[in-house]
Every structure is written in structure tokens, then in C-alpha cells.
file run.pdb (PDB, C-alpha atoms)
MODEL        1
ATOM      1  CA  GLY A   1     -19.038 -40.467   3.022  1.00  0.00           C
ATOM      2  CA  GLY A   2     -15.899 -38.840   1.592  1.00  0.00           C
ATOM      3  CA  GLY A   3     -17.766 -37.411  -1.421  1.00  0.00           C
ATOM      4  CA  GLY A   4     -20.233 -35.588   0.810  1.00  0.00           C
ATOM      5  CA  GLY A   5     -17.364 -33.991   2.744  1.00  0.00           C
ATOM      6  CA  GLY A   6     -15.762 -32.775  -0.447  1.00  0.00           C
ATOM      7  CA  LEU A   7     -19.001 -31.230  -1.623  1.00  0.00           C
ATOM      8  CA  ALA A   8     -19.487 -29.490   1.715  1.00  0.00           C
ATOM      9  CA  GLU A   9     -15.984 -28.082   1.470  1.00  0.00           C
ATOM     10  CA  ALA A  10     -16.645 -26.839  -2.044  1.00  0.00           C
ATOM     11  CA  GLU A  11     -19.905 -25.242  -0.953  1.00  0.00           C
ATOM     12  CA  THR A  12     -18.127 -23.509   1.934  1.00  0.00           C
ATOM     13  CA  GLU A  13     -15.518 -22.124  -0.444  1.00  0.00           C
ATOM     14  CA  ALA A  14     -18.254 -21.037  -2.826  1.00  0.00           C
ATOM     15  CA  ALA A  15     -20.051 -19.147  -0.108  1.00  0.00           C
ATOM     16  CA  ALA A  16     -16.851 -17.325   0.747  1.00  0.00           C
ATOM     17  CA  ALA A  17     -16.243 -16.482  -2.879  1.00  0.00           C
ATOM     18  CA  ALA A  18     -19.802 -15.239  -3.214  1.00  0.00           C
ATOM     19  CA  ALA A  19     -19.197 -12.919  -0.276  1.00  0.00           C
ATOM     20  CA  ILE A  20     -16.541 -11.217  -2.383  1.00  0.00           C
ATOM     21  CA  GLY A  21     -18.941 -10.985  -5.291  1.00  0.00           C
ATOM     22  CA  VAL A  22     -18.199 -14.166  -7.237  1.00  0.00           C
ATOM     23  CA  LYS A  23     -21.013 -16.331  -8.573  1.00  0.00           C
ATOM     24  CA  LYS A  24     -21.451 -19.577  -6.659  1.00  0.00           C
ATOM     25  CA  GLU A  25     -21.477 -21.875  -9.651  1.00  0.00           C
ATOM     26  CA  VAL A  26     -18.187 -20.469 -10.916  1.00  0.00           C
ATOM     27  CA  ALA A  27     -16.532 -20.697  -7.511  1.00  0.00           C
ATOM     28  CA  VAL A  28     -17.543 -24.332  -6.971  1.00  0.00           C
ATOM     29  CA  VAL A  29     -16.031 -25.587 -10.193  1.00  0.00           C
ATOM     30  CA  GLY A  30     -12.545 -26.918  -9.694  1.00  0.00           C
ATOM     31  CA  VAL A  31     -12.009 -25.685  -6.146  1.00  0.00           C
ATOM     32  CA  LYS A  32     -10.166 -28.866  -5.146  1.00  0.00           C
ATOM     33  CA  GLU A  33      -8.297 -29.163  -8.442  1.00  0.00           C
ATOM     34  CA  GLN A  34      -7.108 -25.551  -8.445  1.00  0.00           C
ATOM     35  CA  ALA A  35      -6.093 -25.460  -4.802  1.00  0.00           C
ATOM     36  CA  GLY A  36      -2.393 -24.819  -4.554  1.00  0.00           C
ATOM     37  CA  THR A  37      -1.767 -24.872  -8.308  1.00  0.00           C
ATOM     38  CA  ILE A  38      -0.189 -21.409  -8.230  1.00  0.00           C
ATOM     39  CA  GLY A  39       2.216 -22.556  -5.518  1.00  0.00           C
ATOM     40  CA  ARG A  40       2.773 -21.668  -1.906  1.00  0.00           C
ATOM     41  CA  SER A  41       5.891 -19.537  -2.150  1.00  0.00           C
ATOM     42  CA  TRP A  42       3.729 -16.538  -1.130  1.00  0.00           C
ATOM     43  CA  SER A  43       5.133 -14.449  -3.973  1.00  0.00           C
ATOM     44  CA  LEU A  44       1.663 -12.888  -4.031  1.00  0.00           C
ATOM     45  CA  CYS A  45       0.891 -10.939  -0.891  1.00  0.00           C
ATOM     46  CA  LEU A  46      -2.006  -8.570  -0.342  1.00  0.00           C
ATOM     47  CA  THR A  47      -3.373  -6.312   2.323  1.00  0.00           C
ATOM     48  CA  THR A  48      -6.319  -3.936   2.401  1.00  0.00           C
ATOM     49  CA  THR A  49      -7.065  -0.419   3.550  1.00  0.00           C
ATOM     50  CA  GLY A  50     -10.557   0.910   4.141  1.00  0.00           C
ATOM     51  CA  ILE A  51     -12.139  -2.500   3.562  1.00  0.00           C
ATOM     52  CA  GLU A  52     -12.034  -5.802   5.413  1.00  0.00           C
ATOM     53  CA  LEU A  53     -11.820  -9.383   4.201  1.00  0.00           C
ATOM     54  CA  GLY A  54     -13.584 -12.027   6.251  1.00  0.00           C
ATOM     55  CA  THR A  55     -12.021 -15.333   7.317  1.00  0.00           C
ATOM     56  CA  ARG A  56     -13.714 -17.250   4.515  1.00  0.00           C
ATOM     57  CA  GLN A  57     -12.731 -14.660   1.928  1.00  0.00           C
ATOM     58  CA  ARG A  58      -9.108 -14.957   2.991  1.00  0.00           C
ATOM     59  CA  ARG A  59      -9.294 -18.725   2.784  1.00  0.00           C
ATOM     60  CA  VAL A  60     -10.575 -18.632  -0.780  1.00  0.00           C
ATOM     61  CA  LEU A  61      -7.871 -16.188  -1.856  1.00  0.00           C
ATOM     62  CA  GLN A  62      -5.162 -18.293  -0.246  1.00  0.00           C
ATOM     63  CA  LYS A  63      -6.433 -21.665  -1.434  1.00  0.00           C
ATOM     64  CA  ARG A  64      -7.536 -20.833  -4.949  1.00  0.00           C
ATOM     65  CA  LEU A  65      -5.077 -18.090  -5.922  1.00  0.00           C
ATOM     66  CA  GLY A  66      -2.107 -18.594  -3.619  1.00  0.00           C
ATOM     67  CA  PHE A  67      -2.353 -15.154  -2.035  1.00  0.00           C
ATOM     68  CA  LYS A  68      -0.876 -14.501   1.369  1.00  0.00           C
ATOM     69  CA  VAL A  69      -3.243 -12.081   3.121  1.00  0.00           C
ATOM     70  CA  VAL A  70      -1.769  -9.880   5.861  1.00  0.00           C
ATOM     71  CA  ASP A  71      -3.374  -7.352   8.194  1.00  0.00           C
ATOM     72  CA  ASP A  72      -0.476  -4.939   8.638  1.00  0.00           C
ATOM     73  CA  TRP A  73       1.817  -3.291   6.156  1.00  0.00           C
ATOM     74  CA  GLN A  74       5.056  -5.161   5.515  1.00  0.00           C
ATOM     75  CA  LEU A  75       7.714  -5.135   2.859  1.00  0.00           C
ATOM     76  CA  GLY A  76       6.843  -7.772   0.308  1.00  0.00           C
ATOM     77  CA  VAL A  77       3.204  -6.765  -0.126  1.00  0.00           C
ATOM     78  CA  THR A  78       2.475  -6.987  -3.861  1.00  0.00           C
ATOM     79  CA  TYR A  79      -1.120  -5.722  -3.873  1.00  0.00           C
ATOM     80  CA  LEU A  80      -2.983  -3.172  -1.793  1.00  0.00           C
ATOM     81  CA  VAL A  81      -6.756  -3.358  -2.157  1.00  0.00           C
ATOM     82  CA  ALA A  82      -8.592  -0.068  -1.568  1.00  0.00           C
ATOM     83  CA  ASP A  83     -11.894   1.433  -2.593  1.00  0.00           C
ATOM     84  CA  THR A  84     -10.900   5.102  -2.470  1.00  0.00           C
ATOM     85  CA  PHE A  85      -7.876   7.382  -2.170  1.00  0.00           C
ATOM     86  CA  ARG A  86      -7.191   8.061   1.515  1.00  0.00           C
ATOM     87  CA  ARG A  87      -3.885   8.975   3.092  1.00  0.00           C
ATOM     88  CA  THR A  88      -3.720   5.840   5.200  1.00  0.00           C
ATOM     89  CA  THR A  89      -0.369   4.464   6.292  1.00  0.00           C
ATOM     90  CA  LYS A  90      -0.787   1.419   4.073  1.00  0.00           C
ATOM     91  CA  LEU A  91      -1.602   3.461   0.991  1.00  0.00           C
ATOM     92  CA  MET A  92       1.331   5.814   1.522  1.00  0.00           C
ATOM     93  CA  CYS A  93       3.694   2.871   2.057  1.00  0.00           C
ATOM     94  CA  ALA A  94       2.325   1.202  -1.077  1.00  0.00           C
ATOM     95  CA  ILE A  95       3.094   4.287  -3.150  1.00  0.00           C
ATOM     96  CA  CYS A  96       6.608   4.456  -1.718  1.00  0.00           C
ATOM     97  CA  THR A  97       7.323   0.852  -2.711  1.00  0.00           C
ATOM     98  CA  GLY A  98       5.622   1.016  -6.106  1.00  0.00           C
ATOM     99  CA  THR A  99       3.061  -1.576  -5.017  1.00  0.00           C
ATOM    100  CA  ARG A 100       0.022  -2.233  -7.200  1.00  0.00           C
ATOM    101  CA  ILE A 101      -3.012  -0.454  -5.719  1.00  0.00           C
ATOM    102  CA  VAL A 102      -6.218  -2.050  -6.975  1.00  0.00           C
ATOM    103  CA  VAL A 103      -9.959  -1.884  -6.331  1.00  0.00           C
ATOM    104  CA  PRO A 104     -11.864  -4.838  -4.803  1.00  0.00           C
ATOM    105  CA  ALA A 105     -13.207  -5.833  -8.232  1.00  0.00           C
ATOM    106  CA  PHE A 106      -9.700  -7.114  -9.011  1.00  0.00           C
ATOM    107  CA  LEU A 107     -10.202  -9.940  -6.502  1.00  0.00           C
ATOM    108  CA  ASP A 108     -13.596 -10.738  -8.017  1.00  0.00           C
ATOM    109  CA  ALA A 109     -12.061 -10.977 -11.480  1.00  0.00           C
ATOM    110  CA  CYS A 110      -9.230 -13.231 -10.311  1.00  0.00           C
ATOM    111  CA  LEU A 111     -11.669 -15.610  -8.628  1.00  0.00           C
ATOM    112  CA  LEU A 112     -13.952 -15.688 -11.652  1.00  0.00           C
ATOM    113  CA  GLU A 113     -11.013 -16.617 -13.882  1.00  0.00           C
ATOM    114  CA  GLY A 114      -9.417 -18.895 -11.302  1.00  0.00           C
ATOM    115  CA  ARG A 115      -6.077 -17.193 -11.910  1.00  0.00           C
ATOM    116  CA  LEU A 116      -4.230 -13.905 -11.566  1.00  0.00           C
ATOM    117  CA  VAL A 117      -5.602 -11.484 -14.164  1.00  0.00           C
ATOM    118  CA  ASP A 118      -4.134  -8.321 -15.644  1.00  0.00           C
ATOM    119  CA  ASP A 119      -4.574  -5.685 -12.939  1.00  0.00           C
ATOM    120  CA  THR A 120      -4.360  -2.656 -15.265  1.00  0.00           C
ATOM    121  CA  PRO A 121      -8.145  -2.163 -15.585  1.00  0.00           C
ATOM    122  CA  PHE A 122      -8.474  -2.415 -11.799  1.00  0.00           C
ATOM    123  CA  LEU A 123      -5.889   0.140 -10.691  1.00  0.00           C
ATOM    124  CA  LEU A 124      -7.392   2.591  -8.221  1.00  0.00           C
ATOM    125  CA  ARG A 125      -8.347   5.886  -9.834  1.00  0.00           C
ATOM    126  CA  ASP A 126     -10.307   8.161  -7.542  1.00  0.00           C
ATOM    127  CA  MET A 127     -10.620  11.441  -9.420  1.00  0.00           C
ATOM    128  CA  LEU A 128     -12.713  13.162  -6.769  1.00  0.00           C
ATOM    129  CA  CYS A 129     -10.449  12.439  -3.802  1.00  0.00           C
ATOM    130  CA  GLU A 130      -7.273  12.896  -5.820  1.00  0.00           C
ATOM    131  CA  ALA A 131      -8.492  16.339  -6.936  1.00  0.00           C
ATOM    132  CA  ALA A 132      -9.366  17.234  -3.334  1.00  0.00           C
ATOM    133  CA  PHE A 133      -5.874  16.205  -2.212  1.00  0.00           C
ATOM    134  CA  ALA A 134      -4.290  18.316  -4.960  1.00  0.00           C
ATOM    135  CA  LYS A 135      -6.320  21.360  -3.959  1.00  0.00           C
ATOM    136  CA  LYS A 136      -5.471  20.979  -0.280  1.00  0.00           C
ATOM    137  CA  GLN A 137      -1.760  20.590  -0.950  1.00  0.00           C
ATOM    138  CA  GLY A 138      -1.593  23.389  -3.495  1.00  0.00           C
ATOM    139  CA  PHE A 139      -0.995  21.294  -6.611  1.00  0.00           C
ATOM    140  CA  PHE A 140      -2.566  21.942  -9.985  1.00  0.00           C
ATOM    141  CA  GLU A 141      -3.421  18.240 -10.194  1.00  0.00           C
ATOM    142  CA  TYR A 142      -2.543  14.902  -8.645  1.00  0.00           C
ATOM    143  CA  SER A 143      -2.606  11.351  -9.979  1.00  0.00           C
ATOM    144  CA  LEU A 144      -2.162   8.299  -7.777  1.00  0.00           C
ATOM    145  CA  THR A 145      -1.155   6.109 -10.702  1.00  0.00           C
ATOM    146  CA  GLU A 146       1.483   8.641 -11.754  1.00  0.00           C
ATOM    147  CA  ALA A 147       2.867   8.775  -8.215  1.00  0.00           C
ATOM    148  CA  VAL A 148       3.228   4.982  -8.127  1.00  0.00           C
ATOM    149  CA  ALA A 149       4.896   5.038 -11.538  1.00  0.00           C
ATOM    150  CA  ARG A 150       7.249   7.779 -10.335  1.00  0.00           C
ATOM    151  CA  SER A 151       8.241   5.624  -7.380  1.00  0.00           C
ATOM    152  CA  ARG A 152       9.128   2.714  -9.650  1.00  0.00           C
ATOM    153  CA  VAL A 153      11.169   4.870 -12.014  1.00  0.00           C
ATOM    154  CA  GLN A 154      13.131   6.981  -9.540  1.00  0.00           C
ATOM    155  CA  GLY A 155      13.581   4.348  -6.844  1.00  0.00           C
ATOM    156  CA  PRO A 156      13.303   4.806  -3.072  1.00  0.00           C
ATOM    157  CA  LEU A 157      12.386   8.389  -2.241  1.00  0.00           C
ATOM    158  CA  LEU A 158      14.507   8.600   0.921  1.00  0.00           C
ATOM    159  CA  ASP A 159      17.457   6.581  -0.301  1.00  0.00           C
ATOM    160  CA  GLY A 160      20.596   7.978   1.337  1.00  0.00           C
ATOM    161  CA  LEU A 161      18.632  10.026   3.864  1.00  0.00           C
ATOM    162  CA  SER A 162      18.381   9.549   7.624  1.00  0.00           C
ATOM    163  CA  VAL A 163      15.311  10.615   9.559  1.00  0.00           C
ATOM    164  CA  HIS A 164      14.832  11.445  13.220  1.00  0.00           C
ATOM    165  CA  VAL A 165      11.393  12.311  14.604  1.00  0.00           C
ATOM    166  CA  ASP A 166      11.099  14.189  17.891  1.00  0.00           C
ATOM    167  CA  ALA A 167       9.203  12.493  20.697  1.00  0.00           C
ATOM    168  CA  ALA A 168       6.557  15.229  20.671  1.00  0.00           C
ATOM    169  CA  VAL A 169       5.561  14.519  17.062  1.00  0.00           C
ATOM    170  CA  PRO A 170       2.353  12.439  16.901  1.00  0.00           C
ATOM    171  CA  GLY A 171       2.204   9.281  14.819  1.00  0.00           C
ATOM    172  CA  LYS A 172       5.842   8.212  15.188  1.00  0.00           C
ATOM    173  CA  LYS A 173       5.071   4.546  14.490  1.00  0.00           C
ATOM    174  CA  GLU A 174       3.317   5.481  11.261  1.00  0.00           C
ATOM    175  CA  LEU A 175       6.181   7.751  10.239  1.00  0.00           C
ATOM    176  CA  GLN A 176       8.717   4.991  10.870  1.00  0.00           C
ATOM    177  CA  LEU A 177       6.806   2.705   8.493  1.00  0.00           C
ATOM    178  CA  LEU A 178       6.793   5.463   5.863  1.00  0.00           C
ATOM    179  CA  VAL A 179      10.503   6.172   6.236  1.00  0.00           C
ATOM    180  CA  GLU A 180      11.444   2.513   5.947  1.00  0.00           C
ATOM    181  CA  ALA A 181       9.083   1.932   3.005  1.00  0.00           C
ATOM    182  CA  ALA A 182      10.700   4.911   1.244  1.00  0.00           C
ATOM    183  CA  GLY A 183      14.196   3.509   1.778  1.00  0.00           C
ATOM    184  CA  GLY A 184      15.297   5.935   4.475  1.00  0.00           C
ATOM    185  CA  GLN A 185      17.236   5.182   7.645  1.00  0.00           C
ATOM    186  CA  TRP A 186      15.204   5.556  10.837  1.00  0.00           C
ATOM    187  CA  LEU A 187      17.201   7.127  13.660  1.00  0.00           C
ATOM    188  CA  ARG A 188      16.152   6.526  17.260  1.00  0.00           C
ATOM    189  CA  ARG A 189      18.418   9.367  18.365  1.00  0.00           C
ATOM    190  CA  PRO A 190      19.535  12.468  16.489  1.00  0.00           C
ATOM    191  CA  PRO A 191      23.155  12.111  15.353  1.00  0.00           C
ATOM    192  CA  PRO A 192      25.958  14.432  16.566  1.00  0.00           C
ATOM    193  CA  ASN A 193      25.973  17.738  14.695  1.00  0.00           C
ATOM    194  CA  ALA A 194      22.495  16.913  13.437  1.00  0.00           C
ATOM    195  CA  GLU A 195      21.577  20.568  13.046  1.00  0.00           C
ATOM    196  CA  VAL A 196      24.531  21.150  10.711  1.00  0.00           C
ATOM    197  CA  SER A 197      23.784  18.058   8.624  1.00  0.00           C
ATOM    198  CA  ALA A 198      20.115  18.979   8.438  1.00  0.00           C
ATOM    199  CA  SER A 199      20.770  22.414   7.023  1.00  0.00           C
ATOM    200  CA  SER A 200      23.626  21.676   4.618  1.00  0.00           C
ATOM    201  CA  GLY A 201      22.924  21.990   0.924  1.00  0.00           C
ATOM    202  CA  PRO A 202      19.662  21.992  -1.022  1.00  0.00           C
ATOM    203  CA  GLN A 203      18.897  18.434   0.115  1.00  0.00           C
ATOM    204  CA  PRO A 204      19.995  17.658   3.685  1.00  0.00           C
ATOM    205  CA  SER A 205      21.345  14.240   4.597  1.00  0.00           C
ATOM    206  CA  VAL A 206      19.419  14.179   7.882  1.00  0.00           C
ATOM    207  CA  LEU A 207      15.764  15.116   8.246  1.00  0.00           C
ATOM    208  CA  LEU A 208      14.911  16.322  11.738  1.00  0.00           C
ATOM    209  CA  ILE A 209      11.137  16.040  11.894  1.00  0.00           C
ATOM    210  CA  GLY A 210       9.626  18.224  14.564  1.00  0.00           C
ATOM    211  CA  ARG A 211      12.700  20.448  14.669  1.00  0.00           C
ATOM    212  CA  THR A 212      13.850  21.417  11.168  1.00  0.00           C
ATOM    213  CA  PHE A 213      10.948  20.017   9.168  1.00  0.00           C
ATOM    214  CA  ASP A 214       7.267  19.331   9.738  1.00  0.00           C
ATOM    215  CA  ALA A 215       5.989  15.735   9.587  1.00  0.00           C
ATOM    216  CA  GLU A 216       3.808  16.741   6.647  1.00  0.00           C
ATOM    217  CA  LEU A 217       6.983  16.785   4.553  1.00  0.00           C
ATOM    218  CA  LEU A 218       7.081  12.986   4.800  1.00  0.00           C
ATOM    219  CA  ARG A 219       3.356  12.379   4.464  1.00  0.00           C
ATOM    220  CA  GLU A 220       2.956  14.549   1.386  1.00  0.00           C
ATOM    221  CA  ALA A 221       6.109  13.162  -0.202  1.00  0.00           C
ATOM    222  CA  ALA A 222       4.900   9.616   0.417  1.00  0.00           C
ATOM    223  CA  CYS A 223       1.847  10.424  -1.708  1.00  0.00           C
ATOM    224  CA  THR A 224       3.584  12.434  -4.435  1.00  0.00           C
ATOM    225  CA  GLN A 225       7.133  11.000  -4.388  1.00  0.00           C
ATOM    226  CA  ILE A 226       8.390  14.595  -4.373  1.00  0.00           C
ATOM    227  CA  LEU A 227      10.100  16.191  -1.364  1.00  0.00           C
ATOM    228  CA  ARG A 228       9.207  19.858  -0.970  1.00  0.00           C
ATOM    229  CA  PHE A 229      11.791  20.995   1.576  1.00  0.00           C
ATOM    230  CA  GLU A 230      11.036  24.647   1.013  1.00  0.00           C
ATOM    231  CA  ARG A 231       7.377  24.207   1.982  1.00  0.00           C
ATOM    232  CA  TYR A 232       7.788  22.215   5.181  1.00  0.00           C
TER     233      TYR A 232
ENDMDL
END
call {"tool": "encode", "arguments": {"input": "run.pdb", "output": "C-alpha cells"}}
result
Amino acid sequence: GGGGGGLAEAETEAAAAAAIGVKKEVAVVGVKEQAGTIGRSWSLCLTTTGIELGTRQRRVLQKRLGFKVVDDWQLGVTYLVADTFRRTTKLMCAICTGTRIVVPAFLDACLLEGRLVDDTPFLLRDMLCEAAFAKKQGFFEYSLTEAVARSRVQGPLLDGLSVHVDAAVPGKKELQLLVEAAGGQWLRRPPPNAEVSASSGPQPSVLLIGRTFDAELLREAACTQILRFERY
């Protein structure tokens, strides 16, 4: 009867939780009682990069913790789940917006506790890949957590700047996401006297990517929250 249906539902949710790494007996307890207790305002929104969440995993996160799970980057994402430091569009956008970047174990911990836990122990720290990035870019060192903190303190990296990317530059869609995440204005056409604006002063008001600057200016700055005009 109705009790059997409820048990089947709980077992389904438990299986999904177990797929994320949560013990079945913990996941079963209170599934129905805890559903929706955090609220459905979708103030918690997560996406992933480098890993995938299955349909059942998403359902558990939504039902038990009130997470909205999205596939693509969008403003309003509060958590990015990643297992390593890669310069993906989502990770660069997350840095630009000061979004919490956590490892998959964060989701396990939340499900075990049945609530949102302190994410500090689960912040992504990938010393090997961060060191490789620093070496490639010519930095003495690089810290992802420091870059995110820098974004929160200094505010939008491209605030007050307009960006135009030439048609020949690859990855325009990705670059538009980066520019908007960093608070810049995306220009579909270069403005009049763009060359003058782009070369005036130590920090130009218009960035002409593919003409005055290389696209790497934006990609590196998205990761570091520092614009190195003189390099690119």
C-alpha cells in the first residue's frame, strides 16, 4: 500500500545518495521529513566542471538539501564542484564572481549531515596543477583560494571596462561569459575611436581582443584577478 511506496521512494533516494558516496542507512533516515525543509527559493545553486552528476544524484541534492543544479554557468551559482584545477570556462567564471569552489566530498558531507556544512575544509586546493599554471604563466606561485579571495575583496575585475573580441578570435562565446562574469561590458561592435580609447592611459577603457590585446589577457586575469596589460 502507501507505506510500501514510501519505502521504495526512500530506497531510491538512498541509492542515489550512495552513488555520491553517502552510506545507505544514513541517506534513508528522514528523507521524507527533510525534503524541502531548507526551502525552495533556490538560494543554493551549484554546477560542476570535470565531473558529472547523474539524474538521481541531482534529485537527492535538490530534495534533501534544496540545491538547484544547473549544467551551464550562470550568474547566481553559489558553488562550483571540481576535482582539480583546470582552466575551464566555469572555473574561470567562478573565480571572477568569488564563487565557492569545492571538491566533491563537500556534497558527501552535506548529505551525511542532512544540511549545508561549513565548506572551508572542502575548498579546492590543487597544489600540483596550481604550481604548473604558475610556472607556465611566469609567476613565482599561484593560489586558487587567494584568487577567489582577491575577487571578493576588489570586486568585479572588469568593472568600468568594455570589451570587443574580433571575429577571428576563437572561443568568443567563452570569452563573453568571462567578460560578463568579471563585470565588463561586452561589445558586439567596436566603438568609434576604439583604437584611441584602447591605447589611452595605463589602463584602457576599451579592450580590443584580437587587435590590441591577446585573448590570453582575459583568460589569465580570470584565474589570477590581475590584468597584465604589458604582457598581452
call {"tool": "residues_near_point", "arguments": {"input": "run.pdb", "point": "(-11.3, -1.2, -17.7)", "cutoff": "12 Å", "atoms": "all atoms listed in the file", "output": "VMD selection string"}}
result
chain A and resid 102 to 103 105 to 106 109 118 to 125
call {"tool": "write_last_selection", "arguments": {"input": "run.pdb", "atoms": "C-alpha atoms", "output": "PDB file, in the frame of the given file"}}
result
ATOM      1  CA  VAL A 102      -6.218  -2.050  -6.975  1.00  0.00           C
ATOM      2  CA  VAL A 103      -9.959  -1.884  -6.331  1.00  0.00           C
ATOM      3  CA  ALA A 105     -13.207  -5.833  -8.232  1.00  0.00           C
ATOM      4  CA  PHE A 106      -9.700  -7.114  -9.011  1.00  0.00           C
ATOM      5  CA  ALA A 109     -12.061 -10.977 -11.480  1.00  0.00           C
ATOM      6  CA  ASP A 118      -4.134  -8.321 -15.644  1.00  0.00           C
ATOM      7  CA  ASP A 119      -4.574  -5.685 -12.939  1.00  0.00           C
ATOM      8  CA  THR A 120      -4.360  -2.656 -15.265  1.00  0.00           C
ATOM      9  CA  PRO A 121      -8.145  -2.163 -15.585  1.00  0.00           C
ATOM     10  CA  PHE A 122      -8.474  -2.415 -11.799  1.00  0.00           C
ATOM     11  CA  LEU A 123      -5.889   0.140 -10.691  1.00  0.00           C
ATOM     12  CA  LEU A 124      -7.392   2.591  -8.221  1.00  0.00           C
ATOM     13  CA  ARG A 125      -8.347   5.886  -9.834  1.00  0.00           C
TER      14      ARG A 125
END
call {"tool": "resolve_selection", "arguments": {"input": "run.pdb", "expression": "the PyMOL selection byres ((chain A and resi 150) around 12)", "output": "PDB file with C-alpha atoms, in the frame of the given file"}}
result
ATOM      1  CA  ILE A  95       3.094   4.287  -3.150  1.00  0.00           C
ATOM      2  CA  CYS A  96       6.608   4.456  -1.718  1.00  0.00           C
ATOM      3  CA  THR A  97       7.323   0.852  -2.711  1.00  0.00           C
ATOM      4  CA  GLY A  98       5.622   1.016  -6.106  1.00  0.00           C
ATOM      5  CA  THR A  99       3.061  -1.576  -5.017  1.00  0.00           C
ATOM      6  CA  SER A 143      -2.606  11.351  -9.979  1.00  0.00           C
ATOM      7  CA  LEU A 144      -2.162   8.299  -7.777  1.00  0.00           C
ATOM      8  CA  THR A 145      -1.155   6.109 -10.702  1.00  0.00           C
ATOM      9  CA  GLU A 146       1.483   8.641 -11.754  1.00  0.00           C
ATOM     10  CA  ALA A 147       2.867   8.775  -8.215  1.00  0.00           C
ATOM     11  CA  VAL A 148       3.228   4.982  -8.127  1.00  0.00           C
ATOM     12  CA  ALA A 149       4.896   5.038 -11.538  1.00  0.00           C
ATOM     13  CA  SER A 151       8.241   5.624  -7.380  1.00  0.00           C
ATOM     14  CA  ARG A 152       9.128   2.714  -9.650  1.00  0.00           C
ATOM     15  CA  VAL A 153      11.169   4.870 -12.014  1.00  0.00           C
ATOM     16  CA  GLN A 154      13.131   6.981  -9.540  1.00  0.00           C
ATOM     17  CA  GLY A 155      13.581   4.348  -6.844  1.00  0.00           C
ATOM     18  CA  PRO A 156      13.303   4.806  -3.072  1.00  0.00           C
ATOM     19  CA  LEU A 157      12.386   8.389  -2.241  1.00  0.00           C
ATOM     20  CA  ALA A 221       6.109  13.162  -0.202  1.00  0.00           C
ATOM     21  CA  ALA A 222       4.900   9.616   0.417  1.00  0.00           C
ATOM     22  CA  CYS A 223       1.847  10.424  -1.708  1.00  0.00           C
ATOM     23  CA  THR A 224       3.584  12.434  -4.435  1.00  0.00           C
ATOM     24  CA  GLN A 225       7.133  11.000  -4.388  1.00  0.00           C
ATOM     25  CA  ILE A 226       8.390  14.595  -4.373  1.00  0.00           C
TER      26      ILE A 226
END
call {"tool": "residues_around", "arguments": {"input": "run.pdb", "residues": "A:Thr88", "least_positions_apart": "2", "cutoff": "12 Å", "atoms": "only C-alpha atoms", "output": "list in words"}}
result
Thr48, Thr49, Gly50, Ile51, Asp72, Trp73, Leu80, Ala82, Thr84, Phe85, Arg86, Lys90, Leu91, Met92, Cys93, Ala94, Ile95, Gly171, Glu174, Leu175, Leu177, Leu178, Arg219, Glu220, Ala222 and Cys223 of chain A
call {"tool": "atom_distance", "arguments": {"input": "run.pdb", "atom1": "atom CA of A:Pro204", "atom2": "atom CA of A:Val169"}}
result
19.9 Å
call {"tool": "atom_distance", "arguments": {"input": "run.pdb", "atom1": "atom CA of A:Pro104", "atom2": "atom CA of A:Ala134"}}
result
24.4 Å
call {"tool": "closest_residue", "arguments": {"input": "run.pdb", "among": "A:Lys68, A:Lys135, A:Arg87, A:Arg189", "to": "A:His164", "atoms": "only C-alpha atoms"}}
result
A:Arg189
call {"tool": "residues_around", "arguments": {"input": "run.pdb", "residues": "A:Leu158", "least_positions_apart": "6", "cutoff": "7 Å", "atoms": "all atoms listed in the file", "output": "PyMOL selection string"}}
result
chain A and resi 182-184
call {"tool": "axis_aligned_box", "arguments": {"input": "run.pdb", "around": "stretch 68-78 of chain A", "padding_each_side": "5 Å", "output": "lines of an AutoDock Vina configuration file"}}
result
center_x = 2.2
center_y = -8.9
center_z = 2.4
size_x = 21.1
size_y = 21.2
size_z = 22.5
call {"tool": "resolve_selection", "arguments": {"input": "run.pdb", "expression": "the PyMOL selection byres ((chain A and resi 76) around 10)", "output": "list in words"}}
result
Trp42, Ser43, Leu44, Cys45, Leu46, Trp73, Gln74, Leu75, Val77, Thr78, Tyr79, Thr97 and Thr99 of chain A
call {"tool": "closest_residue", "arguments": {"input": "run.pdb", "among": "A:Thr89, A:Gln176, A:Ser162, A:Gln185", "to": "A:Ser205", "atoms": "all atoms listed in the file"}}
result
A:Ser162
call {"tool": "atom_distance", "arguments": {"input": "run.pdb", "atom1": "atom CA of A:Arg231", "atom2": "atom CA of A:Gly138"}}
result
10.5 Å
call {"tool": "resolve_selection", "arguments": {"input": "run.pdb", "expression": "the PyMOL selection byres ((chain A and resi 229) around 10)", "output": "PDB file with C-alpha atoms, in the coordinates of the input"}}
result
ATOM      1  CA  PRO A 202      19.662  21.992  -1.022  1.00  0.00           C
ATOM      2  CA  GLN A 203      18.897  18.434   0.115  1.00  0.00           C
ATOM      3  CA  PRO A 204      19.995  17.658   3.685  1.00  0.00           C
ATOM      4  CA  LEU A 207      15.764  15.116   8.246  1.00  0.00           C
ATOM      5  CA  THR A 212      13.850  21.417  11.168  1.00  0.00           C
ATOM      6  CA  PHE A 213      10.948  20.017   9.168  1.00  0.00           C
ATOM      7  CA  ASP A 214       7.267  19.331   9.738  1.00  0.00           C
ATOM      8  CA  LEU A 217       6.983  16.785   4.553  1.00  0.00           C
ATOM      9  CA  LEU A 218       7.081  12.986   4.800  1.00  0.00           C
ATOM     10  CA  ALA A 221       6.109  13.162  -0.202  1.00  0.00           C
ATOM     11  CA  ILE A 226       8.390  14.595  -4.373  1.00  0.00           C
ATOM     12  CA  LEU A 227      10.100  16.191  -1.364  1.00  0.00           C
ATOM     13  CA  ARG A 228       9.207  19.858  -0.970  1.00  0.00           C
ATOM     14  CA  GLU A 230      11.036  24.647   1.013  1.00  0.00           C
ATOM     15  CA  ARG A 231       7.377  24.207   1.982  1.00  0.00           C
ATOM     16  CA  TYR A 232       7.788  22.215   5.181  1.00  0.00           C
TER      17      TYR A 232
END
call {"tool": "closest_residue", "arguments": {"input": "run.pdb", "among": "A:Glu216, A:Lys136, A:Ile209, A:Val163", "to": "A:Pro191", "atoms": "only C-alpha atoms"}}
result
A:Val163
